[in-house]
Structures are given as structure tokens and as C-alpha cells.
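Data first, discussion second: the structure below is written as C-alpha cells.
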Amino acid sequence: MTTAFKTFVFMDLEGTGLMDTLPKVTELCLVAVHRSALENPLRDQAGVLLPPRIQDKLCLCVDPGKSLGAHAAEITGLSNRTLQSNEKRAFDASTAAIVRNFLLRQAQPICLVAHGGDRYDFPLLKAELLFQAADLPATSIYCMDQWRAVKGLDERRRAVPRVIKGYYTLEGIYRRFYHQEPKASHSAEGDVVTLLMIFLYEAKELLKWSRLHSRRWDLIAPMYRNIKG
């Protein structure tokens, strides 16, 4: 990337299961924040970081059309029954258009940011979009895995612990930075709030990292292709 991103879109997808189960999306959340809000973060009177006042949000629940794994249902609080009783639609062509139009209305170029995004969120979103014969603009949208970024910063600072189990989970990073539990976890919107607050804590370095290490959207491979239920 030769120029700085103008918009950062923090995203999280909840799905029916892990990668090896060929998951479908059950919930998605995208929160778009302009670069200026990340470079000049708000703070309260005690100096504590606050979320940006100006945000665009897109949060959708989705009927996946296949059974949720028991573990996924437990941690997300979603079930096939509740999604269907609330008449949630599938990830269909209109959903793909909503996601695409939400991103196109942001100042370009865009960096999508997700925790573990390289392994899960980016390839799953790509699979769902391609299944609807849709995609995102290749030349103006890039992707950054914030898990990789935070770990990379620690490695550069020689601050990686010998035992890292749980150290780089979304909740673990948040606790390390803010010395408290995240306010909400395991909903797409709650995880995006946590993700955004982690970025704000290391904004100066993560803005630099995004410019050097983000990947173009067209280089993201779909998790799978045209497989139903």
C-alpha cells in the first residue's frame, strides 16, 4: 500500500462453526471509522480512551440455512430456532449488496480489520459474497488481521511471553491493555467494539502496520466455493 487508508472498517462475523465445518454466517457487524478519528482519539477527563463519536455501523443477523454447532450456539447466544422465529433472512443477494454499498459509501481506500481475520472472517465473507455472484472492489479495499499485527508489534519489541496460551485472544489483549474485562463478548457487535478499542490503544503503531502489511481484498481466497448446507 503506497498511500494511507482513509477509512478503517472493524468487522466480526459469527458463524455456524469452525473452518473445517464449512460454516455459514449467522451474524455480521461492520463499524467504519475515519482515519482522523483514530489519529485524534477522544478521551474522558481522566484521560481514558473513548470510542469515536462518528461511526457508521452495519449489524445484521442471518439465517444460515444449516445447523449451528452446539459450541457456536452456546457462545454466541444464537440458535436456528431464534433466528427463524425472528424471520431473519439468509445471506442472499440483498445482503451482499448491503455490505458492498456500506463499504462503497466510506472514504476510500479502506482497510478491513478483524481479529484472526486471515483465517476466518475475510475468507468466510469472501465465500458468502462469491456464492451470491458478488464481490468487493479489489483496488480500494485491503485487509489487516489485528491478531497478527499485535503479535508482530510484540515480536518487534521482543515482548512475546514464553507461554502465550490465551495471550493473543481478543479478550486477552483487551485485558492486557485496559486491565479489565471487555464490556461485551461473542456477539459480532460486542467483539467489534473490543477490536476497535484495542486498535485505539495502539493506534499510532497499528496505522503504520496497516500501511505495510495489509493485503488487497482480491488476494483473499474464499474459505470454500459454492457448497450449500
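Within each chain, counting starts at residue 1; across the C-alpha cells, chains are named A, B, ... in the order shown, with ligands numbered 1 upward in that order.
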So that I can check the surroundings of range 190-203 of chain A, please list as a list of chain:residue names every protein, DNA and RNA residue that reaches within 7 Å of it, counting only C-alpha atoms and ignoring chain neighbours fewer than 6 positions away.
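Residues meeting the cut-off are A:Phe10, A:Met11, A:Asp12, A:Leu38, A:Glu39, A:Pro51, A:Tyr174, A:Pro182, A:Ala184.
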For the selection you just gave me, I'd like the residues written to a file as a PDB file, in the first residue's frame, keeping all heavy atoms.
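The new file part.pdb reads:
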ATOM      1  N   PHE A  10     -13.880  -1.983  11.076  1.00  0.00           N
ATOM      2  CA  PHE A  10     -13.669  -3.049  12.049  1.00  0.00           C
ATOM      3  C   PHE A  10     -14.820  -4.032  11.917  1.00  0.00           C
ATOM      4  O   PHE A  10     -15.991  -3.630  11.910  1.00  0.00           O
ATOM      5  CB  PHE A  10     -13.580  -2.453  13.454  1.00  0.00           C
ATOM      6  CG  PHE A  10     -12.437  -1.483  13.588  1.00  0.00           C
ATOM      7  CD1 PHE A  10     -12.612  -0.146  13.272  1.00  0.00           C
ATOM      8  CD2 PHE A  10     -11.175  -1.917  13.966  1.00  0.00           C
ATOM      9  CE1 PHE A  10     -11.547   0.759  13.358  1.00  0.00           C
ATOM     10  CE2 PHE A  10     -10.108  -1.031  14.044  1.00  0.00           C
ATOM     11  CZ  PHE A  10     -10.298   0.300  13.742  1.00  0.00           C
ATOM     12  N   MET A  11     -14.496  -5.315  11.775  1.00  0.00           N
ATOM     13  CA  MET A  11     -15.532  -6.283  11.437  1.00  0.00           C
ATOM     14  C   MET A  11     -15.400  -7.562  12.249  1.00  0.00           C
ATOM     15  O   MET A  11     -14.319  -7.934  12.712  1.00  0.00           O
ATOM     16  CB  MET A  11     -15.493  -6.626   9.944  1.00  0.00           C
ATOM     17  CG  MET A  11     -14.218  -7.284   9.460  1.00  0.00           C
ATOM     18  SD  MET A  11     -14.318  -7.797   7.729  1.00  0.00           S
ATOM     19  CE  MET A  11     -15.330  -9.275   7.851  1.00  0.00           C
ATOM     20  N   ASP A  12     -16.539  -8.199  12.431  1.00  0.00           N
ATOM     21  CA  ASP A  12     -16.566  -9.523  13.055  1.00  0.00           C
ATOM     22  C   ASP A  12     -17.724 -10.305  12.458  1.00  0.00           C
ATOM     23  O   ASP A  12     -18.810  -9.747  12.228  1.00  0.00           O
ATOM     24  CB  ASP A  12     -16.743  -9.417  14.571  1.00  0.00           C
ATOM     25  CG  ASP A  12     -16.667 -10.783  15.239  1.00  0.00           C
ATOM     26  OD1 ASP A  12     -15.552 -11.340  15.312  1.00  0.00           O
ATOM     27  OD2 ASP A  12     -17.713 -11.300  15.675  1.00  0.00           O
ATOM     28  N   LEU A  38      -9.044   8.029  14.444  1.00  0.00           N
ATOM     29  CA  LEU A  38      -8.058   7.138  15.049  1.00  0.00           C
ATOM     30  C   LEU A  38      -6.772   7.889  15.389  1.00  0.00           C
ATOM     31  O   LEU A  38      -6.098   7.580  16.383  1.00  0.00           O
ATOM     32  CB  LEU A  38      -7.759   5.977  14.111  1.00  0.00           C
ATOM     33  CG  LEU A  38      -8.971   5.101  13.746  1.00  0.00           C
ATOM     34  CD1 LEU A  38      -8.599   4.110  12.654  1.00  0.00           C
ATOM     35  CD2 LEU A  38      -9.505   4.374  14.966  1.00  0.00           C
ATOM     36  N   GLU A  39      -6.438   8.876  14.578  1.00  0.00           N
ATOM     37  CA  GLU A  39      -5.240   9.681  14.837  1.00  0.00           C
ATOM     38  C   GLU A  39      -5.451  10.679  15.971  1.00  0.00           C
ATOM     39  O   GLU A  39      -4.488  11.112  16.612  1.00  0.00           O
ATOM     40  CB  GLU A  39      -4.834  10.427  13.568  1.00  0.00           C
ATOM     41  CG  GLU A  39      -4.339   9.523  12.456  1.00  0.00           C
ATOM     42  CD  GLU A  39      -4.023  10.286  11.180  1.00  0.00           C
ATOM     43  OE1 GLU A  39      -4.729  11.281  10.906  1.00  0.00           O
ATOM     44  OE2 GLU A  39      -3.098   9.872  10.459  1.00  0.00           O
ATOM     45  N   PRO A  51     -14.558   5.526  22.585  1.00  0.00           N
ATOM     46  CA  PRO A  51     -14.828   5.207  21.180  1.00  0.00           C
ATOM     47  C   PRO A  51     -15.065   6.480  20.377  1.00  0.00           C
ATOM     48  O   PRO A  51     -15.533   7.481  20.921  1.00  0.00           O
ATOM     49  CB  PRO A  51     -16.102   4.352  21.245  1.00  0.00           C
ATOM     50  CG  PRO A  51     -16.202   3.893  22.654  1.00  0.00           C
ATOM     51  CD  PRO A  51     -15.563   4.955  23.493  1.00  0.00           C
ATOM     52  N   TYR A 174      -7.324  -7.260  25.173  1.00  0.00           N
ATOM     53  CA  TYR A 174      -8.058  -6.161  25.795  1.00  0.00           C
ATOM     54  C   TYR A 174      -7.728  -6.073  27.291  1.00  0.00           C
ATOM     55  O   TYR A 174      -7.483  -4.971  27.820  1.00  0.00           O
ATOM     56  CB  TYR A 174      -9.556  -6.344  25.595  1.00  0.00           C
ATOM     57  CG  TYR A 174     -10.384  -5.180  26.105  1.00  0.00           C
ATOM     58  CD1 TYR A 174     -10.703  -4.117  25.275  1.00  0.00           C
ATOM     59  CD2 TYR A 174     -10.840  -5.150  27.425  1.00  0.00           C
ATOM     60  CE1 TYR A 174     -11.454  -3.041  25.731  1.00  0.00           C
ATOM     61  CE2 TYR A 174     -11.583  -4.085  27.897  1.00  0.00           C
ATOM     62  CZ  TYR A 174     -11.890  -3.038  27.047  1.00  0.00           C
ATOM     63  OH  TYR A 174     -12.625  -1.965  27.517  1.00  0.00           O
ATOM     64  N   PRO A 182     -13.598  -7.031  28.689  1.00  0.00           N
ATOM     65  CA  PRO A 182     -14.392  -6.330  27.671  1.00  0.00           C
ATOM     66  C   PRO A 182     -15.845  -6.227  28.121  1.00  0.00           C
ATOM     67  O   PRO A 182     -16.346  -7.092  28.844  1.00  0.00           O
ATOM     68  CB  PRO A 182     -14.263  -7.212  26.434  1.00  0.00           C
ATOM     69  CG  PRO A 182     -13.078  -8.080  26.678  1.00  0.00           C
ATOM     70  CD  PRO A 182     -12.969  -8.252  28.152  1.00  0.00           C
ATOM     71  N   ALA A 184     -18.508  -6.487  26.302  1.00  0.00           N
ATOM     72  CA  ALA A 184     -19.362  -7.472  25.631  1.00  0.00           C
ATOM     73  C   ALA A 184     -18.481  -8.381  24.784  1.00  0.00           C
ATOM     74  O   ALA A 184     -17.533  -7.930  24.155  1.00  0.00           O
ATOM     75  CB  ALA A 184     -20.395  -6.777  24.756  1.00  0.00           C
TER      76      ALA A 184
END
Which of range 80-213 of chain A fall in alpha helix (DSSP H), as an MDAnalysis selection string
chainID A and resid 80:85 93:104 121:131 146:156 170:178 188:201 203:213
With C-alpha atoms kept, could you save the residues just selected as a PDB file, in the first residue's frame?
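Output below, filename again_7.pdb:
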ATOM      1  CA  ASN A  80     -31.551 -21.778  14.395  1.00  0.00           C
ATOM      2  CA  ARG A  81     -34.872 -21.542  16.232  1.00  0.00           C
ATOM      3  CA  THR A  82     -34.464 -17.927  17.359  1.00  0.00           C
ATOM      4  CA  LEU A  83     -33.097 -16.761  14.010  1.00  0.00           C
ATOM      5  CA  GLN A  84     -36.035 -18.367  12.217  1.00  0.00           C
ATOM      6  CA  SER A  85     -38.657 -17.197  14.727  1.00  0.00           C
ATOM      7  CA  ALA A  93     -28.065 -11.115  -2.911  1.00  0.00           C
ATOM      8  CA  SER A  94     -29.609  -8.233  -0.962  1.00  0.00           C
ATOM      9  CA  THR A  95     -27.264  -8.902   1.968  1.00  0.00           C
ATOM     10  CA  ALA A  96     -24.273  -8.897  -0.359  1.00  0.00           C
ATOM     11  CA  ALA A  97     -25.458  -5.605  -1.878  1.00  0.00           C
ATOM     12  CA  ILE A  98     -25.945  -4.048   1.573  1.00  0.00           C
ATOM     13  CA  VAL A  99     -22.392  -4.980   2.607  1.00  0.00           C
ATOM     14  CA  ARG A 100     -20.922  -3.727  -0.652  1.00  0.00           C
ATOM     15  CA  ASN A 101     -22.866  -0.439  -0.587  1.00  0.00           C
ATOM     16  CA  PHE A 102     -21.987   0.164   3.063  1.00  0.00           C
ATOM     17  CA  LEU A 103     -18.303  -0.061   2.160  1.00  0.00           C
ATOM     18  CA  LEU A 104     -18.612   1.985  -1.032  1.00  0.00           C
ATOM     19  CA  ASP A 121     -13.583 -13.542   8.813  1.00  0.00           C
ATOM     20  CA  PHE A 122     -12.075 -12.493   5.479  1.00  0.00           C
ATOM     21  CA  PRO A 123     -12.266 -15.891   3.709  1.00  0.00           C
ATOM     22  CA  LEU A 124     -15.770 -16.565   5.080  1.00  0.00           C
ATOM     23  CA  LEU A 125     -17.069 -13.187   3.911  1.00  0.00           C
ATOM     24  CA  LYS A 126     -15.435 -13.784   0.525  1.00  0.00           C
ATOM     25  CA  ALA A 127     -17.141 -17.194   0.264  1.00  0.00           C
ATOM     26  CA  GLU A 128     -20.566 -15.771   1.120  1.00  0.00           C
ATOM     27  CA  LEU A 129     -20.171 -12.926  -1.381  1.00  0.00           C
ATOM     28  CA  LEU A 130     -18.976 -15.174  -4.212  1.00  0.00           C
ATOM     29  CA  PHE A 131     -21.851 -17.561  -3.554  1.00  0.00           C
ATOM     30  CA  GLN A 146      -5.234  -7.409  14.016  1.00  0.00           C
ATOM     31  CA  TRP A 147      -4.134 -10.609  15.798  1.00  0.00           C
ATOM     32  CA  ARG A 148      -1.105 -10.762  13.514  1.00  0.00           C
ATOM     33  CA  ALA A 149      -0.483  -7.048  13.929  1.00  0.00           C
ATOM     34  CA  VAL A 150      -0.466  -7.035  17.744  1.00  0.00           C
ATOM     35  CA  LYS A 151       1.701 -10.153  17.844  1.00  0.00           C
ATOM     36  CA  GLY A 152       4.026  -8.609  15.263  1.00  0.00           C
ATOM     37  CA  LEU A 153       4.416  -5.463  17.352  1.00  0.00           C
ATOM     38  CA  ASP A 154       5.245  -7.568  20.409  1.00  0.00           C
ATOM     39  CA  GLU A 155       7.833  -9.536  18.436  1.00  0.00           C
ATOM     40  CA  ARG A 156       9.427  -6.325  17.239  1.00  0.00           C
ATOM     41  CA  LEU A 170      -9.345 -10.756  21.665  1.00  0.00           C
ATOM     42  CA  GLU A 171     -10.286 -10.726  25.352  1.00  0.00           C
ATOM     43  CA  GLY A 172      -6.705 -11.390  26.432  1.00  0.00           C
ATOM     44  CA  ILE A 173      -5.300  -8.433  24.503  1.00  0.00           C
ATOM     45  CA  TYR A 174      -8.058  -6.161  25.795  1.00  0.00           C
ATOM     46  CA  ARG A 175      -7.384  -7.190  29.411  1.00  0.00           C
ATOM     47  CA  ARG A 176      -3.674  -6.588  28.922  1.00  0.00           C
ATOM     48  CA  PHE A 177      -4.245  -3.081  27.548  1.00  0.00           C
ATOM     49  CA  TYR A 178      -7.127  -1.901  29.742  1.00  0.00           C
ATOM     50  CA  ALA A 188     -20.471  -9.585  16.486  1.00  0.00           C
ATOM     51  CA  GLU A 189     -21.070  -6.008  17.646  1.00  0.00           C
ATOM     52  CA  GLY A 190     -19.535  -6.597  21.084  1.00  0.00           C
ATOM     53  CA  ASP A 191     -16.391  -8.097  19.579  1.00  0.00           C
ATOM     54  CA  VAL A 192     -16.092  -5.209  17.119  1.00  0.00           C
ATOM     55  CA  VAL A 193     -16.212  -2.704  19.994  1.00  0.00           C
ATOM     56  CA  THR A 194     -13.403  -4.630  21.711  1.00  0.00           C
ATOM     57  CA  LEU A 195     -11.447  -4.776  18.455  1.00  0.00           C
ATOM     58  CA  LEU A 196     -11.801  -1.028  17.920  1.00  0.00           C
ATOM     59  CA  MET A 197     -10.701  -0.182  21.465  1.00  0.00           C
ATOM     60  CA  ILE A 198      -7.598  -2.380  21.055  1.00  0.00           C
ATOM     61  CA  PHE A 199      -6.756  -0.525  17.838  1.00  0.00           C
ATOM     62  CA  LEU A 200      -7.176   2.837  19.582  1.00  0.00           C
ATOM     63  CA  TYR A 201      -4.747   1.787  22.316  1.00  0.00           C
ATOM     64  CA  ALA A 203      -3.329   3.453  17.029  1.00  0.00           C
ATOM     65  CA  LYS A 204      -0.041   5.083  16.079  1.00  0.00           C
ATOM     66  CA  GLU A 205       1.744   1.765  15.531  1.00  0.00           C
ATOM     67  CA  LEU A 206      -1.231  -0.066  14.022  1.00  0.00           C
ATOM     68  CA  LEU A 207      -1.797   2.702  11.492  1.00  0.00           C
ATOM     69  CA  LYS A 208       1.801   2.219  10.373  1.00  0.00           C
ATOM     70  CA  TRP A 209       1.395  -1.569  10.376  1.00  0.00           C
ATOM     71  CA  SER A 210      -1.715  -1.368   8.204  1.00  0.00           C
ATOM     72  CA  ARG A 211       0.166   0.526   5.538  1.00  0.00           C
ATOM     73  CA  LEU A 212       2.997  -2.011   5.431  1.00  0.00           C
ATOM     74  CA  HIS A 213       1.259  -5.343   5.963  1.00  0.00           C
TER      75      HIS A 213
END
May I ask for the distance between CA of Asn86 in chain A and CA of Leu60 in chain A, given in Å to one decimal place?
12.2 Å
Two-atom distance - CA of Cys59 in chain A, CA of Thr3 in chain A (Å)
29.0 Å
Tell me, as a PyMOL selection string, which residues lie within 8 Å of Leu112 in chain A, counting only C-alpha atoms; anything in the same chain fewer than 6 positions away does not count.
chain A and resi 8-11+141-144
With all heavy atoms retained, could you export that selection as a PDB file, in the first residue's frame?
ATOM      1  N   PHE A   8     -11.073   2.864   8.198  1.00  0.00           N
ATOM      2  CA  PHE A   8     -10.843   1.537   8.766  1.00  0.00           C
ATOM      3  C   PHE A   8     -12.203   0.967   9.154  1.00  0.00           C
ATOM      4  O   PHE A   8     -12.982   1.614   9.854  1.00  0.00           O
ATOM      5  CB  PHE A   8      -9.921   1.617   9.978  1.00  0.00           C
ATOM      6  CG  PHE A   8      -8.495   1.907   9.607  1.00  0.00           C
ATOM      7  CD1 PHE A   8      -8.114   3.195   9.253  1.00  0.00           C
ATOM      8  CD2 PHE A   8      -7.537   0.895   9.570  1.00  0.00           C
ATOM      9  CE1 PHE A   8      -6.803   3.476   8.887  1.00  0.00           C
ATOM     10  CE2 PHE A   8      -6.231   1.167   9.199  1.00  0.00           C
ATOM     11  CZ  PHE A   8      -5.861   2.456   8.857  1.00  0.00           C
ATOM     12  N   VAL A   9     -12.485  -0.240   8.658  1.00  0.00           N
ATOM     13  CA  VAL A   9     -13.758  -0.892   8.937  1.00  0.00           C
ATOM     14  C   VAL A   9     -13.478  -2.103   9.822  1.00  0.00           C
ATOM     15  O   VAL A   9     -12.895  -3.097   9.376  1.00  0.00           O
ATOM     16  CB  VAL A   9     -14.489  -1.307   7.647  1.00  0.00           C
ATOM     17  CG1 VAL A   9     -15.777  -2.060   7.987  1.00  0.00           C
ATOM     18  CG2 VAL A   9     -14.806  -0.078   6.805  1.00  0.00           C
ATOM     19  N   PHE A  10     -13.880  -1.983  11.076  1.00  0.00           N
ATOM     20  CA  PHE A  10     -13.669  -3.049  12.049  1.00  0.00           C
ATOM     21  C   PHE A  10     -14.820  -4.032  11.917  1.00  0.00           C
ATOM     22  O   PHE A  10     -15.991  -3.630  11.910  1.00  0.00           O
ATOM     23  CB  PHE A  10     -13.580  -2.453  13.454  1.00  0.00           C
ATOM     24  CG  PHE A  10     -12.437  -1.483  13.588  1.00  0.00           C
ATOM     25  CD1 PHE A  10     -12.612  -0.146  13.272  1.00  0.00           C
ATOM     26  CD2 PHE A  10     -11.175  -1.917  13.966  1.00  0.00           C
ATOM     27  CE1 PHE A  10     -11.547   0.759  13.358  1.00  0.00           C
ATOM     28  CE2 PHE A  10     -10.108  -1.031  14.044  1.00  0.00           C
ATOM     29  CZ  PHE A  10     -10.298   0.300  13.742  1.00  0.00           C
ATOM     30  N   MET A  11     -14.496  -5.315  11.775  1.00  0.00           N
ATOM     31  CA  MET A  11     -15.532  -6.283  11.437  1.00  0.00           C
ATOM     32  C   MET A  11     -15.400  -7.562  12.249  1.00  0.00           C
ATOM     33  O   MET A  11     -14.319  -7.934  12.712  1.00  0.00           O
ATOM     34  CB  MET A  11     -15.493  -6.626   9.944  1.00  0.00           C
ATOM     35  CG  MET A  11     -14.218  -7.284   9.460  1.00  0.00           C
ATOM     36  SD  MET A  11     -14.318  -7.797   7.729  1.00  0.00           S
ATOM     37  CE  MET A  11     -15.330  -9.275   7.851  1.00  0.00           C
ATOM     38  N   ILE A 141      -9.951  -1.818  -1.462  1.00  0.00           N
ATOM     39  CA  ILE A 141     -10.209  -2.458  -0.174  1.00  0.00           C
ATOM     40  C   ILE A 141      -9.077  -3.426   0.156  1.00  0.00           C
ATOM     41  O   ILE A 141      -8.725  -4.290  -0.653  1.00  0.00           O
ATOM     42  CB  ILE A 141     -11.566  -3.180  -0.170  1.00  0.00           C
ATOM     43  CG1 ILE A 141     -12.682  -2.145  -0.341  1.00  0.00           C
ATOM     44  CG2 ILE A 141     -11.761  -3.965   1.116  1.00  0.00           C
ATOM     45  CD1 ILE A 141     -14.069  -2.703  -0.311  1.00  0.00           C
ATOM     46  N   TYR A 142      -8.539  -3.262   1.344  1.00  0.00           N
ATOM     47  CA  TYR A 142      -7.445  -4.086   1.849  1.00  0.00           C
ATOM     48  C   TYR A 142      -7.881  -4.723   3.161  1.00  0.00           C
ATOM     49  O   TYR A 142      -8.923  -4.366   3.722  1.00  0.00           O
ATOM     50  CB  TYR A 142      -6.192  -3.240   2.069  1.00  0.00           C
ATOM     51  CG  TYR A 142      -5.498  -2.797   0.796  1.00  0.00           C
ATOM     52  CD1 TYR A 142      -6.101  -1.904  -0.086  1.00  0.00           C
ATOM     53  CD2 TYR A 142      -4.224  -3.272   0.477  1.00  0.00           C
ATOM     54  CE1 TYR A 142      -5.466  -1.498  -1.248  1.00  0.00           C
ATOM     55  CE2 TYR A 142      -3.580  -2.872  -0.679  1.00  0.00           C
ATOM     56  CZ  TYR A 142      -4.198  -1.987  -1.538  1.00  0.00           C
ATOM     57  OH  TYR A 142      -3.558  -1.589  -2.685  1.00  0.00           O
ATOM     58  N   CYS A 143      -7.089  -5.668   3.652  1.00  0.00           N
ATOM     59  CA  CYS A 143      -7.430  -6.405   4.865  1.00  0.00           C
ATOM     60  C   CYS A 143      -6.234  -6.472   5.810  1.00  0.00           C
ATOM     61  O   CYS A 143      -5.095  -6.687   5.365  1.00  0.00           O
ATOM     62  CB  CYS A 143      -7.840  -7.839   4.523  1.00  0.00           C
ATOM     63  SG  CYS A 143      -9.227  -7.971   3.389  1.00  0.00           S
ATOM     64  N   MET A 144      -6.510  -6.307   7.103  1.00  0.00           N
ATOM     65  CA  MET A 144      -5.473  -6.443   8.125  1.00  0.00           C
ATOM     66  C   MET A 144      -5.982  -7.329   9.252  1.00  0.00           C
ATOM     67  O   MET A 144      -7.051  -7.076   9.812  1.00  0.00           O
ATOM     68  CB  MET A 144      -5.080  -5.079   8.702  1.00  0.00           C
ATOM     69  CG  MET A 144      -3.901  -5.145   9.665  1.00  0.00           C
ATOM     70  SD  MET A 144      -3.555  -3.561  10.490  1.00  0.00           S
ATOM     71  CE  MET A 144      -4.616  -3.689  11.930  1.00  0.00           C
TER      72      MET A 144
END
Which is closer to Gln132 in chain A than all the others in A:Lys6, A:Leu68, A:Phe91, A:Ile75, using only C-alpha atoms?
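Checking each candidate against Gln132 in chain A, we get A:Phe91 as the closest.
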Distance query Thr76 in chain A at most 8 Å, only C-alpha atoms, self and fewer than 4 positions along chain excluded, as a list in words:
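Listing them by chain and then by number gives Glu14, Ala72, His186 and Ser187 of chain A.
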Taking the backbone alone, and naming residues the way the document does, which bits of range 37-226 of chain A are strand (DSSP E) by DSSP, as a VMD selection string?
chain A and resid 42 to 43 49 to 50 56 to 61 110 to 114 141 to 145 215 to 216
